[in-house]
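start.cif (mmCIF, C-alpha atoms) appears below.
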data_structure
#
loop_
_atom_site.label_atom_id
_atom_site.label_comp_id
_atom_site.auth_asym_id
_atom_site.auth_seq_id
_atom_site.Cartn_x
_atom_site.Cartn_y
_atom_site.Cartn_z
CA MET B 12 -26.10 215.15 79.66
CA LEU B 13 -29.77 214.88 78.82
CA PRO B 14 -30.99 212.28 76.29
CA TRP B 15 -32.16 214.83 73.76
CA GLU B 16 -28.82 216.61 74.00
CA THR B 17 -27.08 213.33 73.05
CA LEU B 18 -29.35 212.91 70.01
CA ARG B 19 -28.71 216.49 68.93
CA ALA B 20 -24.95 216.02 69.09
CA ARG B 21 -25.23 212.80 67.07
CA ASP B 22 -27.30 214.56 64.40
CA ASP B 23 -24.73 217.36 64.21
CA ARG B 24 -21.94 214.84 63.61
CA ARG B 25 -23.94 213.16 60.86
CA ALA B 26 -24.55 216.53 59.18
CA ARG B 27 -20.84 217.28 59.20
CA ARG B 28 -20.04 213.93 57.60
CA ARG B 29 -22.54 214.29 54.77
CA THR B 30 -21.00 215.51 51.49
CA ASP B 31 -24.17 215.82 49.42
CA LEU B 32 -25.55 218.80 51.28
CA ALA B 33 -26.06 221.89 49.11
CA ALA B 34 -23.91 224.85 50.02
CA LEU B 35 -25.63 227.73 51.73
CA GLU B 36 -26.68 230.45 49.31
CA GLN B 37 -24.58 233.58 49.69
CA LEU B 38 -26.34 236.86 50.10
CA GLU B 39 -26.10 239.20 47.12
CA GLY B 40 -23.74 242.11 47.66
CA ARG B 41 -25.28 245.56 47.82
CA GLN B 42 -23.37 248.75 47.05
CA LEU B 43 -25.14 251.84 48.32
CA LEU B 44 -24.64 255.39 47.17
CA SER B 45 -22.67 257.64 49.46
CA TYR B 46 -24.68 260.18 51.47
CA SER B 47 -23.81 262.83 53.97
CA SER B 48 -25.29 262.90 57.46
CA LEU B 49 -28.05 265.20 56.14
CA GLY B 50 -28.96 262.81 53.31
CA TYR B 51 -27.29 264.68 50.44
CA SER B 52 -25.35 262.83 47.74
CA LEU B 53 -21.56 262.98 47.80
CA PRO B 54 -19.02 262.85 44.94
CA GLU B 55 -17.45 259.50 44.08
CA LEU B 56 -14.17 259.70 42.14
CA GLN B 57 -12.58 256.95 40.05
CA ILE B 58 -9.16 257.38 38.51
CA SER B 59 -7.52 255.58 35.59
CA GLY B 60 -5.07 256.49 32.89
CA LEU B 61 -2.75 255.75 29.99
CA ALA B 62 1.02 256.02 29.74
CA GLY B 63 3.79 255.44 27.24
CA PRO B 64 4.66 251.72 27.04
CA VAL B 65 8.42 252.36 26.78
CA ALA B 66 10.62 254.77 28.76
CA SER B 67 14.22 255.41 29.75
CA TRP B 68 15.74 256.93 32.89
CA GLY B 69 16.20 260.67 32.59
CA GLY B 70 14.05 260.88 29.46
CA SER B 71 10.77 262.64 28.77
CA TYR B 72 7.54 260.80 29.51
CA GLN B 73 3.82 261.42 29.17
CA VAL B 74 0.90 260.18 31.26
CA THR B 75 -2.80 260.65 30.48
CA VAL B 76 -5.04 260.97 33.54
CA VAL B 77 -8.73 260.06 33.32
CA LEU B 78 -10.78 261.17 36.33
CA GLN B 79 -14.47 260.31 36.56
CA ASN B 80 -17.02 261.51 39.10
CA THR B 81 -19.69 258.80 39.29
CA GLY B 82 -21.54 260.60 42.08
CA ALA B 83 -24.96 261.98 41.20
CA SER B 84 -27.48 263.86 43.29
CA THR B 85 -30.56 261.74 43.97
CA ILE B 86 -32.31 264.51 45.87
CA ILE B 87 -33.64 267.63 44.13
CA GLU B 88 -31.38 270.59 44.83
CA PRO B 89 -33.35 273.67 43.69
CA LEU B 90 -30.28 275.94 43.47
CA SER B 91 -28.21 273.40 41.53
CA LEU B 92 -30.53 272.66 38.63
CA VAL B 93 -28.53 274.78 36.17
CA PRO B 94 -25.85 272.67 34.39
CA ALA B 95 -22.34 273.76 35.28
CA SER B 96 -21.61 274.27 31.58
CA GLU B 97 -24.27 277.02 31.50
CA VAL B 98 -22.84 278.97 34.43
CA ALA B 99 -20.78 282.04 33.50
CA VAL B 100 -18.76 284.64 35.37
CA GLY B 101 -20.01 288.21 35.16
CA PRO B 102 -17.89 291.37 34.70
CA ASP B 103 -17.74 291.88 38.46
CA GLY B 104 -16.58 288.31 39.07
CA SER B 105 -19.90 287.01 40.36
CA LEU B 106 -21.63 283.93 39.00
CA VAL B 107 -24.44 284.15 36.47
CA PRO B 108 -27.11 283.19 37.42
CA PRO B 109 -26.35 284.63 40.88
CA TYR B 110 -28.42 282.05 42.74
CA TYR B 111 -26.38 279.10 41.42
CA VAL B 112 -24.55 276.92 43.96
CA PRO B 113 -22.62 273.70 43.20
CA SER B 114 -24.30 270.39 43.79
CA SER B 115 -23.31 268.39 46.85
CA ALA B 116 -22.29 265.62 44.39
CA ASP B 117 -19.77 267.87 42.61
CA ALA B 118 -16.09 267.15 43.33
CA ALA B 119 -13.68 269.92 44.23
CA ALA B 120 -10.26 270.29 42.62
CA SER B 121 -7.91 267.52 43.69
CA GLN B 122 -4.24 266.66 43.56
CA ILE B 123 -2.99 263.66 41.54
CA GLY B 124 0.23 261.90 42.46
CA ILE B 125 2.04 259.89 39.77
CA TYR B 126 4.13 257.02 41.16
CA LEU B 127 6.48 254.44 39.68
CA ALA B 128 6.23 251.13 41.51
CA PRO B 129 8.37 247.98 41.21
CA ARG B 130 5.31 245.73 41.71
CA PRO B 131 1.88 245.88 40.03
CA HIS B 132 -0.38 245.63 43.09
CA SER B 133 1.56 247.43 45.79
CA LEU B 134 2.93 250.92 46.35
CA ALA B 135 5.69 249.59 48.59
CA GLY B 136 9.00 250.96 47.35
CA ALA B 137 7.30 253.28 44.84
CA ILE B 138 8.75 256.70 44.02
CA GLU B 139 6.79 259.81 43.06
CA ILE B 140 7.73 260.96 39.56
CA GLY B 141 5.23 263.80 39.18
CA THR B 142 2.07 265.54 40.32
CA ALA B 143 -0.91 267.15 38.59
CA THR B 144 -3.94 269.18 39.62
CA ALA B 145 -7.36 268.01 38.46
CA GLN B 146 -9.97 270.74 38.09
CA ALA B 147 -13.30 270.66 39.91
CA LEU B 148 -15.53 267.99 38.40
CA SER B 149 -19.31 268.13 38.18
CA GLN B 150 -21.46 265.18 39.14
CA ASN B 151 -21.65 262.36 36.59
CA ASP B 152 -18.79 263.91 34.60
CA ILE B 153 -15.33 262.99 33.36
CA GLU B 154 -12.07 264.84 32.75
CA ARG B 155 -9.04 263.75 30.75
CA PHE B 156 -5.71 265.57 30.52
CA ASN B 157 -2.06 264.89 29.71
CA VAL B 158 0.88 265.32 32.07
CA SER B 159 4.39 265.68 30.61
CA LEU B 160 7.20 264.52 32.91
CA THR B 161 10.96 264.19 33.00
CA LEU B 162 11.87 260.86 34.55
CA PRO B 163 14.59 260.83 37.21
CA GLN B 164 17.96 259.22 36.76
CA GLN B 165 18.04 255.56 37.79
CA PRO B 166 17.12 255.55 41.51
CA ALA B 167 18.51 253.13 44.07
CA GLY B 168 16.69 249.82 44.13
CA PHE B 169 15.54 250.06 40.49
CA ARG B 170 17.20 248.15 37.66
CA SER B 171 18.42 250.00 34.58
CA THR B 172 16.08 247.95 32.38
CA GLY B 173 12.93 246.00 33.09
CA VAL B 174 9.18 246.40 33.58
CA TYR B 175 7.78 248.78 36.19
CA TYR B 176 4.28 250.13 36.87
CA ILE B 177 2.70 253.57 36.85
CA ARG B 178 0.11 254.17 39.60
CA LEU B 179 -2.08 257.29 39.76
CA VAL B 180 -3.16 258.29 43.28
CA GLU B 181 -5.93 260.84 43.81
CA SER B 182 -5.93 262.89 47.01
CA SER B 183 -8.97 261.04 48.37
CA ILE B 184 -6.90 257.81 48.24
CA ASP B 185 -8.35 256.55 44.97
CA VAL B 186 -5.65 254.52 43.16
CA SER B 187 -5.62 253.55 39.50
CA ALA B 188 -4.95 250.10 38.12
CA PRO B 189 -1.25 249.44 37.36
CA ILE B 190 0.01 250.66 33.96
CA PRO B 191 3.07 248.64 32.83
CA VAL B 192 6.03 250.45 31.29
CA ARG B 193 9.22 248.85 29.95
CA PHE B 194 12.46 250.70 30.66
CA ILE B 195 15.25 250.49 28.09
CA SER B 196 18.87 251.60 28.30
CA GLN B 197 18.89 254.81 26.21
CA ALA B 198 16.55 257.63 25.23
CA LEU B 199 16.90 257.27 21.45
CA PRO B 200 14.47 256.86 18.53
CA GLN B 201 13.96 253.55 16.77
CA LEU B 202 12.19 254.04 13.44
CA ARG B 203 10.51 251.29 11.45
CA ALA B 204 8.39 251.29 8.29
CA THR B 205 5.10 249.65 9.25
CA ALA B 206 2.92 250.15 6.15
CA LEU B 207 3.42 250.74 2.41
CA ASP B 208 0.44 251.24 0.10
CA LEU B 209 1.15 250.45 -3.56
CA PRO B 210 -0.76 248.63 -6.31
CA ASP B 211 -0.77 244.85 -5.92
CA GLU B 212 0.79 244.27 -9.35
CA LEU B 213 3.79 246.41 -10.28
CA GLN B 214 5.65 246.46 -13.58
CA PRO B 215 8.76 248.39 -14.66
CA GLY B 216 7.88 251.91 -15.79
CA ASP B 217 4.61 252.12 -13.81
CA THR B 218 3.70 255.46 -12.25
CA VAL B 219 2.57 255.28 -8.61
CA VAL B 220 1.78 257.53 -5.64
CA PRO B 221 3.11 255.71 -2.55
CA THR B 222 1.57 256.08 0.91
CA PHE B 223 3.51 254.77 3.91
CA GLN B 224 3.59 254.77 7.71
CA ILE B 225 6.68 255.24 9.89
CA THR B 226 6.55 254.19 13.56
CA ASN B 227 8.94 255.29 16.31
CA LEU B 228 9.47 252.33 18.66
CA GLY B 229 12.09 254.18 20.73
CA THR B 230 11.69 256.57 23.64
CA ALA B 231 12.91 259.86 22.12
CA ASN B 232 11.56 262.16 19.43
CA SER B 233 13.22 261.38 16.12
CA GLY B 234 13.52 264.95 14.89
CA PRO B 235 13.32 265.54 11.10
CA VAL B 236 13.78 262.27 9.23
CA GLN B 237 14.24 261.35 5.56
CA VAL B 238 12.47 258.39 3.91
CA ALA B 239 13.32 257.11 0.43
CA LEU B 240 11.61 254.76 -1.99
CA VAL B 241 14.40 252.50 -3.25
CA ALA B 242 14.69 250.08 -6.18
CA SER B 243 17.27 247.33 -5.88
CA VAL B 244 18.26 244.17 -7.77
CA THR B 245 18.62 242.40 -4.40
CA PRO B 246 16.41 242.57 -1.27
CA ASP B 247 19.13 244.71 0.38
CA PHE B 248 20.01 248.39 0.45
CA ASN B 249 23.50 248.35 -1.03
CA LEU B 250 25.70 249.99 -3.65
CA GLY B 251 23.56 248.57 -6.46
CA SER B 252 20.38 250.19 -5.12
CA SER B 253 18.75 253.24 -6.72
CA ILE B 254 17.01 255.93 -4.64
CA LEU B 255 13.93 257.19 -6.49
CA LYS B 256 13.64 260.95 -6.32
CA PRO B 257 12.47 262.84 -4.42
CA ILE B 258 13.50 261.86 -0.89
CA TYR B 259 10.59 262.54 1.49
CA ASN B 260 11.17 264.77 4.55
CA LEU B 261 9.06 264.00 7.61
CA VAL B 262 8.69 266.02 10.79
CA GLY B 263 9.79 264.64 14.15
CA ILE B 264 7.99 261.49 15.29
CA PRO B 265 7.38 261.16 19.07
CA GLY B 266 8.62 258.02 20.79
CA GLN B 267 6.52 255.51 22.67
CA SER B 268 7.14 257.39 25.89
CA SER B 269 4.15 259.48 24.76
CA ALA B 270 0.79 258.23 25.92
CA PRO B 271 -1.27 256.59 23.14
CA VAL B 272 -3.92 258.68 21.43
CA LYS B 273 -7.37 257.18 21.99
CA ASN B 274 -10.92 258.41 22.12
CA SER B 275 -11.19 261.84 23.72
CA ALA B 276 -13.35 261.81 26.82
CA HIS B 277 -15.89 264.64 26.76
CA HIS B 278 -18.22 265.92 29.45
CA HIS B 279 -21.03 263.49 30.19
CA ALA B 280 -19.33 260.82 28.04
CA ARG B 281 -20.73 257.34 28.46
CA LEU B 282 -18.19 254.76 29.49
CA TYR B 283 -18.61 251.04 29.00
CA GLY B 284 -15.74 249.32 30.73
CA SER B 285 -12.59 250.43 28.91
CA THR B 286 -14.38 251.57 25.75
CA ILE B 287 -12.54 254.90 25.69
CA TYR B 288 -9.27 252.99 25.29
CA ASN B 289 -10.33 250.80 22.36
CA ASN B 290 -10.51 253.13 19.36
CA ASN B 291 -8.24 251.50 16.78
CA VAL B 292 -9.16 254.02 14.07
CA THR B 293 -7.15 256.85 15.65
CA PRO B 294 -3.42 256.11 15.28
CA ALA B 295 -0.96 256.47 18.12
CA GLN B 296 1.21 259.57 18.45
CA ASN B 297 4.33 257.61 17.50
CA VAL B 298 2.98 256.81 14.00
CA VAL B 299 3.18 259.18 11.00
CA THR B 300 1.31 258.53 7.74
CA PHE B 301 2.70 260.21 4.60
CA THR B 302 1.40 260.33 1.02
CA ALA B 303 3.80 261.38 -1.74
CA PRO B 304 2.77 264.81 -3.09
CA THR B 305 3.71 263.88 -6.69
CA PRO B 306 3.63 260.64 -8.70
CA VAL B 307 6.78 258.53 -8.97
CA THR B 308 7.74 256.64 -12.15
CA LEU B 309 9.48 253.32 -11.50
CA PRO B 310 12.64 252.33 -13.43
CA THR B 311 11.97 250.63 -16.75
CA SER B 312 14.74 248.04 -16.32
CA PRO B 313 15.65 245.39 -15.41
CA SER B 314 12.57 243.29 -16.06
CA THR B 315 12.39 242.21 -12.40
CA TYR B 316 13.64 244.03 -9.31
CA TYR B 317 12.69 244.89 -5.72
CA LEU B 318 11.06 248.03 -4.32
CA GLY B 319 11.03 249.07 -0.67
CA LEU B 320 11.45 251.87 1.88
CA VAL B 321 14.67 253.02 3.51
CA ILE B 322 14.52 255.27 6.56
CA ASP B 323 17.36 257.77 6.94
CA PRO B 324 19.24 256.70 3.77
CA ASN B 325 22.05 259.20 4.47
CA ASN B 326 22.64 257.98 8.08
CA LEU B 327 21.90 261.32 9.70
CA LEU B 328 20.15 259.90 12.80
CA THR B 329 21.37 257.97 15.85
CA GLN B 330 18.93 255.16 16.62
CA LEU B 331 18.67 252.34 19.12
CA SER B 332 19.06 249.77 16.37
CA LEU B 333 18.65 249.33 12.63
CA PRO B 334 16.86 246.50 10.81
CA ALA B 335 19.19 243.78 9.56
CA ASN B 336 17.90 244.49 6.06
CA ARG B 337 17.42 248.23 5.69
CA LEU B 338 15.17 247.80 2.66
CA GLU B 339 11.80 247.47 4.44
CA LEU B 340 8.36 246.33 3.25
CA ILE B 341 9.82 244.89 0.07
CA ARG B 342 7.64 244.55 -3.03
CA THR B 343 8.55 242.74 -6.26
CA VAL B 344 8.32 244.69 -9.52
CA GLY B 345 7.84 242.59 -12.66
CA PRO B 346 8.45 240.45 -14.52
CA ALA B 347 7.61 242.79 -17.35
CA THR B 348 4.64 241.68 -19.47
CA SER B 349 5.27 242.06 -23.19
CA GLY B 350 2.71 243.99 -25.19
CA LEU B 351 1.36 245.96 -22.22
CA PRO B 352 2.33 249.61 -21.71
CA PRO B 353 3.26 250.90 -18.25
CA ALA B 354 0.27 251.63 -16.04
CA GLY B 355 -0.36 253.90 -13.11
CA VAL B 356 -1.47 257.39 -12.26
CA VAL B 357 -2.66 259.35 -15.30
CA SER B 358 -4.29 262.77 -15.06
CA THR B 359 -5.48 265.13 -17.80
CA PRO B 360 -7.27 268.47 -17.51
CA LEU B 361 -11.03 268.43 -17.85
CA SER B 362 -12.32 269.28 -21.31
CA PRO B 363 -15.22 271.70 -21.75
CA LEU B 364 -16.96 268.97 -23.75
CA PRO B 365 -19.52 266.74 -22.04
CA GLN B 366 -17.97 264.04 -19.88
CA PHE B 367 -20.87 261.66 -20.56
CA PRO B 368 -22.31 260.45 -23.89
CA ASN B 369 -25.46 262.07 -25.19
CA PRO B 370 -28.65 260.16 -24.36
CA PRO B 371 -31.03 259.02 -27.12
CA ASP B 372 -33.09 262.24 -26.91
CA GLY B 373 -29.99 264.25 -27.88
CA VAL B 374 -29.94 266.38 -24.71
CA PRO B 375 -26.42 266.33 -23.24
CA ILE B 376 -25.90 265.37 -19.62
CA GLY B 377 -22.99 265.68 -17.22
CA ASN B 378 -20.30 268.39 -17.22
CA VAL B 379 -21.27 270.59 -20.20
CA ASN B 380 -20.43 274.02 -21.53
CA PRO B 381 -23.73 275.94 -21.68
CA ALA B 382 -22.37 278.20 -24.44
CA THR B 383 -21.69 275.21 -26.71
CA TYR B 384 -24.51 272.96 -25.54
CA PRO B 385 -27.40 275.16 -24.39
CA PHE B 386 -30.16 273.44 -22.54
CA PRO B 387 -33.61 273.50 -24.21
CA THR B 388 -36.02 276.08 -22.89
#
For this file, write the structure as C-alpha cells.
Amino acid sequence: MLPWETLRARDDRRARRRTDLAALEQLEGRQLLSYSSLGYSLPELQISGLAGPVASWGGSYQVTVVLQNTGASTIIEPLSLVPASEVAVGPDGSLVPPYYVPSSADAAASQIGIYLAPRPHSLAGAIEIGTATAQALSQNDIERFNVSLTLPQQPAGFRSTGVYYIRLVESSIDVSAPIPVRFISQALPQLRATALDLPDELQPGDTVVPTFQITNLGTANSGPVQVALVASVTPDFNLGSSILKPIYNLVGIPGQSSAPVKNSAHHHARLYGSTIYNNNVTPAQNVVTFTAPTPVTLPTSPSTYYLGLVIDPNNLLTQLSLPANRLELIRTVGPATSGLPPAGVVSTPLSPLPQFPNPPDGVPIGNVNPATYPFPT
C-alpha cells in the first residue's frame, strides 16, 4: 500500500464519521411530454371518478367516470388546426372540412373497467362489477359520464358489511385513486329530515310557508313519500299530536348508492386539483328540497307547543331504521304574547292606486293607473 493511499483511506473514514456534513442536494425531477418516434405528441389519459358512498349486495349502484386527456400537440399540425367541435359529418358520411384529420395527441375510444377491491391500494382480490366505453377524447379535453350498475350478490371472500373500494381502470392501464364505499345489509331507503326553514319566532295562530329538505341515507330509491308538519304538546309524535293539513307528497328520492352531483365537467374545463368535486352549492341526488305551495296556519292553542316534521306519518314505507323520536327538527311555538295579533304570510291583490306616496311636486310615482293619474305632457 502506497503512503498516499493510506492517507486517502484515513480521510475517507473521517468523512464517514462526521455528522455535520450537509446532505447532497437531490436533482430536481423532470417530467417530459410523451412523443412518438417521429417527434409528434401523444395522448396522455388520467382517470378519476365519483361513486355512491353506501351500497348493498345485489342493489343498484352508480359510478361517475371522469376521463381527462392532458396530452397536447406541441408541434404545428396543419391538417389538425380545426377544433374537433367544429368538425361535422356531411350527408354522404364524409367529414367537413374534408381535409381534417385528428391530432396525434387525440385519444381514441377506450374501455373502462370498474372493479371492487378489498384494499385501497391494490387490485389483488378485486372483482369486476361493470364496464363502460369512453368516447374518443380530443387533446387537452375532459369527459364525464355516469355508469349505472347492478351489484352482484355477496361474492366469496367479501364480508356482508364493511368498507370496500371502487377502482376505475382504463384500457391503457391508467388506474384511478380508490373510492371508498360502505356496504350495508339491505337495499332499503332511510329517510331523514335535514332542514326546516321557518321564522325564528313562532306564535300560535301564525301563518307560515315551510320549506324543508329530506335526505335518503339508505341505498334504495324511496318511491313516493309523504311528509307532514305536525304540532304536538310533547317533543314526540304520539296520539296527542296534530297533523297540519295538507300532507305533502314527494317523488322518489334516490339513495346514496347514486353518485353525488357535483360540478359538470365541460370540454376544455380547467381543473385545479379536485375543484370539480368541491361545489357545495349543488345538492346531492339523495336530497330533495320542498316548499309548501300554500300557507299553513298554526293552531291557536295551547299557548306553547312543539312543531316538527314527520316522514311517512301513515307508515307506508319500509326503511332501514326510524329515528327514536319521529318528530324531527323540532321548533317551539309560543308562549303566546298578549296584545299581539298572529303574524305571518299576508297577501292582498294590487290596487290600481299608486303604491308610493306622491312627491312634493304632486306628480305620482310608482305603479299608477294612467287613466286616473295621467302623466303631465
Notebook entry, point to check: Which value, in Å to one decimal, gives the distance between CA of Leu207 in chain B and CA of Gly63 in chain B?
Noted result: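 Pair CA of Leu207 in chain B / CA of Gly63 in chain B returns 25.3 Å.
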Note to self: Let me make sure I understand: among B:Gln201, B:Asn297, B:Asn249, B:Ser171, which one has the smallest atom-to-atom distance to Pro334 in chain B if we use only C-alpha atoms?
What the structure shows: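 Of B:Gln201, B:Asn297, B:Asn249, B:Ser171, the one nearest Pro334 in chain B, counting only C-alpha atoms, is B:Gln201.
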Evaluate the PyMOL selection byres ((chain B and resi 92) around 12) and record the selected residues as a PDB file with C-alpha atoms, keeping the file's coordinate frame, following the chain and residue labels used in the document.
ATOM      1  CA  SER B  84     -27.480 263.860  43.290  1.00  0.00           C
ATOM      2  CA  ILE B  86     -32.310 264.510  45.870  1.00  0.00           C
ATOM      3  CA  ILE B  87     -33.640 267.630  44.130  1.00  0.00           C
ATOM      4  CA  GLU B  88     -31.380 270.590  44.830  1.00  0.00           C
ATOM      5  CA  PRO B  89     -33.350 273.670  43.690  1.00  0.00           C
ATOM      6  CA  LEU B  90     -30.280 275.940  43.470  1.00  0.00           C
ATOM      7  CA  SER B  91     -28.210 273.400  41.530  1.00  0.00           C
ATOM      8  CA  VAL B  93     -28.530 274.780  36.170  1.00  0.00           C
ATOM      9  CA  PRO B  94     -25.850 272.670  34.390  1.00  0.00           C
ATOM     10  CA  ALA B  95     -22.340 273.760  35.280  1.00  0.00           C
ATOM     11  CA  SER B  96     -21.610 274.270  31.580  1.00  0.00           C
ATOM     12  CA  GLU B  97     -24.270 277.020  31.500  1.00  0.00           C
ATOM     13  CA  VAL B  98     -22.840 278.970  34.430  1.00  0.00           C
ATOM     14  CA  PRO B 108     -27.110 283.190  37.420  1.00  0.00           C
ATOM     15  CA  TYR B 110     -28.420 282.050  42.740  1.00  0.00           C
ATOM     16  CA  TYR B 111     -26.380 279.100  41.420  1.00  0.00           C
ATOM     17  CA  VAL B 112     -24.550 276.920  43.960  1.00  0.00           C
ATOM     18  CA  PRO B 113     -22.620 273.700  43.200  1.00  0.00           C
ATOM     19  CA  SER B 114     -24.300 270.390  43.790  1.00  0.00           C
ATOM     20  CA  SER B 115     -23.310 268.390  46.850  1.00  0.00           C
ATOM     21  CA  GLN B 150     -21.460 265.180  39.140  1.00  0.00           C
TER      22      GLN B 150
END
Write out, as a tab-separated table, each residue of range 122-185 of chain B that has an atom at most 12 Å from range 263-271 of chain B, together with the closest pair of atoms and their distance in Å to one decimal, counting all atoms listed in the file, rows going by chain and rising number.
residue	atom	partner	partner_atom	distance
B:Phe156	CA	B:Ala270	CA	10.8
B:Asn157	CA	B:Ala270	CA	8.2
B:Val158	CA	B:Ala270	CA	9.4
B:Ser159	CA	B:Ser269	CA	8.5
B:Leu160	CA	B:Ser268	CA	10.0
B:Thr161	CA	B:Ser268	CA	10.6
B:Leu162	CA	B:Ser268	CA	10.5
Note to self: What's the separation between CA of Ala143 in chain B and CA of Ile123 in chain B, in Å to one decimal place?
What the structure shows: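 Between these atoms lies a distance of 5.0 Å.
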Next item on the list: Would you list the contacts of Val236 in chain B as an NGL selection string, taking every protein, DNA or RNA residue within 9 Å and counting only C-alpha atoms, but skipping same-chain residues closer than 3 positions in sequence?
Entry: :B and (233 or 259-264 or 322-323 or 327-328)
Save the residues we just selected, C-alpha atoms, as a PDB file, in the coordinates of the input?
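Just written: out-v5.pdb:
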ATOM      1  CA  SER B 233      13.220 261.380  16.120  1.00  0.00           C
ATOM      2  CA  TYR B 259      10.590 262.540   1.490  1.00  0.00           C
ATOM      3  CA  ASN B 260      11.170 264.770   4.550  1.00  0.00           C
ATOM      4  CA  LEU B 261       9.060 264.000   7.610  1.00  0.00           C
ATOM      5  CA  VAL B 262       8.690 266.020  10.790  1.00  0.00           C
ATOM      6  CA  GLY B 263       9.790 264.640  14.150  1.00  0.00           C
ATOM      7  CA  ILE B 264       7.990 261.490  15.290  1.00  0.00           C
ATOM      8  CA  ILE B 322      14.520 255.270   6.560  1.00  0.00           C
ATOM      9  CA  ASP B 323      17.360 257.770   6.940  1.00  0.00           C
ATOM     10  CA  LEU B 327      21.900 261.320   9.700  1.00  0.00           C
ATOM     11  CA  LEU B 328      20.150 259.900  12.800  1.00  0.00           C
TER      12      LEU B 328
END
Next item on the list: Mind giving me the straight-line distance from CA of Pro346 in chain B to CA of Thr305 in chain B in Å, one decimal?
Entry: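 Answer for the CA of Pro346 in chain B to CA of Thr305 in chain B separation: 25.2 Å.
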Using the file's own x, y and z axes, so that the box edges lie along x, y and z, what centre and edge lengths in Å (one decimal) does a box around every listed atom of range 130-138 of chain B get when 8 Å is added on each side? Give it as lines of an AutoDock Vina configuration file.
center_x = 4.3
center_y = 251.2
center_z = 44.3
size_x = 25.4
size_y = 27.1
size_z = 24.6
Next item on the list: With a distance cut-off of 7 Å and all atoms listed in the file, select the neighbouring residues of range 315-321 of chain B, excluding the residue or stretch itself and same-chain residues fewer than 6 positions from it, and output the selection as JSON, numbers by chain.
Entry: {"B": [238, 239, 240, 241, 242, 243, 244, 245, 246, 337, 338, 339, 340, 341, 342, 343, 344, 345, 346, 347]}
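Compared by their closest atoms to Ala206 in chain B, and using all atoms listed in the file, the residues B:Val100, B:Ile138, B:Val65, B:Ile225 rank with B:Ile225 nearest.
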Check: Written as a list in words, what is the full residue list that the PyMOL selection byres ((chain B and resi 135-137) around 10) yields on the file shown?
Finding: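 Applied to this file, the PyMOL selection byres ((chain B and resi 135-137) around 10) returns Ile125, Tyr126, Leu127, Ala128, Pro129, Arg130, His132, Ser133, Leu134, Ile138, Glu139, Ile140, Gly168, Phe169, Tyr175, Tyr176, Ile177 and Arg178 of chain B.
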Check: Which residue gives the smallest distance to Pro191 in chain B among B:Gly101, B:Val174, B:Pro324, B:Thr302, with all atoms listed in the file counted?
Finding: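 Of the candidates, the smallest distance to Pro191 in chain B is held by B:Val174.
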Next item on the list: For Pro304 in chain B, list every protein, DNA or RNA residue within 12 Å, evaluated using only C-alpha atoms, and leave out those in the same chain fewer than 6 positions away; present the list as a PyMOL selection string.
Entry: chain B and resi 219-222+256-260
Check: Hey, what comes out of the PyMOL selection byres ((chain B and resi 68) around 7) on this file? Could you write it as a ChimeraX atom specification?
Finding: /B:66-67,69-70,162-165
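Using all atoms listed in the file, the shortest contact distance between Leu333 in chain B and any of B:Gly216, B:Leu202, B:Gly229, B:Leu255 is found at B:Leu202.
Neighbours of Val186 in chain B closer than or equal to 9 Å, with all atoms listed in the file counted and sequence neighbours fewer than 4 positions away skipped, come out as Gln57, Ile58, Ser59, Arg178, Leu179, Val180 and Glu181 of chain B.
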Next item on the list: Compare B:Thr205, B:Gln330, B:Gln197, B:Thr81 by their minimum atom-to-atom distance to Ser52 in chain B, counting all atoms listed in the file, and give me the closest one.
Entry: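 Looking at the shortest contact to Ser52 in chain B, the residue is B:Thr81.
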Checklist line | Counting only C-alpha atoms, the residue of B:Ala120, B:Leu106, B:Ala188, B:Leu148 that sits nearest Gln79 in chain B | finding: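 The answer is B:Leu148, which sits nearest to Gln79 in chain B.
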Would you mind putting back N, CA, C and O atoms on range 60-67 of chain B, then writing it out as a JSON list (two decimals), keeping the file's coordinate frame?
[["chain", "number", "residue", "atom", "x", "y", "z"],
["B", 60, "GLY", "N", -5.95, 255.73, 33.76],
["B", 60, "GLY", "CA", -5.07, 256.49, 32.89],
["B", 60, "GLY", "C", -4.38, 255.66, 31.84],
["B", 60, "GLY", "O", -4.56, 254.43, 31.75],
["B", 61, "LEU", "N", -3.58, 256.34, 31.03],
["B", 61, "LEU", "CA", -2.75, 255.75, 29.99],
["B", 61, "LEU", "C", -1.34, 256.29, 30.16],
["B", 61, "LEU", "O", -1.15, 257.38, 30.72],
["B", 62, "ALA", "N", -0.37, 255.56, 29.67],
["B", 62, "ALA", "CA", 1.02, 256.02, 29.74],
["B", 62, "ALA", "C", 1.81, 255.37, 28.61],
["B", 62, "ALA", "O", 1.41, 254.35, 28.05],
["B", 63, "GLY", "N", 2.93, 256.00, 28.28],
["B", 63, "GLY", "CA", 3.79, 255.44, 27.24],
["B", 63, "GLY", "C", 4.27, 254.06, 27.62],
["B", 63, "GLY", "O", 4.67, 253.82, 28.76],
["B", 64, "PRO", "N", 4.26, 253.09, 26.71],
["B", 64, "PRO", "CA", 4.66, 251.72, 27.04],
["B", 64, "PRO", "C", 6.16, 251.53, 27.20],
["B", 64, "PRO", "O", 6.59, 250.51, 27.74],
["B", 65, "VAL", "N", 6.96, 252.48, 26.71],
["B", 65, "VAL", "CA", 8.42, 252.36, 26.78],
["B", 65, "VAL", "C", 8.98, 253.67, 27.34],
["B", 65, "VAL", "O", 8.49, 254.76, 27.01],
["B", 66, "ALA", "N", 10.01, 253.58, 28.17],
["B", 66, "ALA", "CA", 10.62, 254.77, 28.76],
["B", 66, "ALA", "C", 12.09, 254.49, 29.02],
["B", 66, "ALA", "O", 12.56, 253.35, 28.91],
["B", 67, "SER", "N", 12.82, 255.54, 29.38],
["B", 67, "SER", "CA", 14.22, 255.41, 29.75],
["B", 67, "SER", "C", 14.51, 256.41, 30.86],
["B", 67, "SER", "O", 13.91, 257.50, 30.90]]
